[in-house]
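Remarks on the structure that follows.
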Amino acid sequence: MVDFIANLKNNIDALEDVEITEDTDFNSLPEWDSIAVLSLMAMIASEYGVNIKSSEISDAKTVGELWKIVGAKS
């Protein structure tokens with residue numbers, strides 16, 4: 001989880017200075033936008049070899065839930 005959060009912050013410029021934990025509701029962050037979603041999809045594909053749909057990202061409420069989706073697909 002620590003590595004996943006670090007990858008989020010490193011790959012999505014808007015989240016670089018945002019405090020993120022497993023319980024963070026990323027969809028409600030003011031910095032979260034369509035560019036962040038695309039960046040997240042690219043990061044997950046590159047770092048974890050998993051293709052994830054934008055609807056799956058929207059369905060996840062927290063970073064932890066998103067990590068579970070990625071883990072279930074890998």
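Ordering of the structure tokens sets the chain letters (A, B, ...), residue numbers begin anew at 1 in every chain, and ligands are numbered from 1 in the order given.
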
Within 10 Å of region 30-41 of chain A, counting only C-alpha atoms, which residues qualify if same-chain residues fewer than 2 places away don't, as a list in words? Asn7, Leu8, Lys9, Asn11, Ile12, Asp13, Ala14, Leu15, Glu16, Val18, Phe26, Asn27, Ser28, Met43, Ile44, Ala45, Ser46, Val50, Asn51, Ile52, Lys53, Ser54, Ile57 and Ser58 of chain A

When you look at Gly49 (chain A) with a cut-off of 10 Å (counting only C-alpha atoms), what residues show up, excluding the ones that are within fewer than 6 positions of it in the same chain? I need them as a VMD selection string. chain A and resid 42 to 43 70 73 to 74

Hey, can you check how far CA of Lys68 (chain A) sits from CA of Asp17 (chain A)?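 That distance, rounded to one decimal, is 23.9 Å.
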
Compare A:Leu29, A:Glu19, A:Glu47, A:Thr24 by their minimum atom-to-atom distance to Glu65 (chain A), counting only C-alpha atoms, and give me the closest one.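 Using only C-alpha atoms, the shortest distance to Glu65 (chain A) belongs to A:Thr24.
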
Nearest candidate to Asp25 (chain A) (options A:Ala72, A:Lys61, A:Asp3, A:Trp67; using only C-alpha atoms):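 Counting only C-alpha atoms, the residue closest to Asp25 (chain A) is A:Lys61.
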
Determine which residues of chain A receive a DSSP assignment of alpha helix (DSSP H), computed from the backbone, and state them as a ChimeraX atom specification. /A:2-11,34-48,54-59,63-73
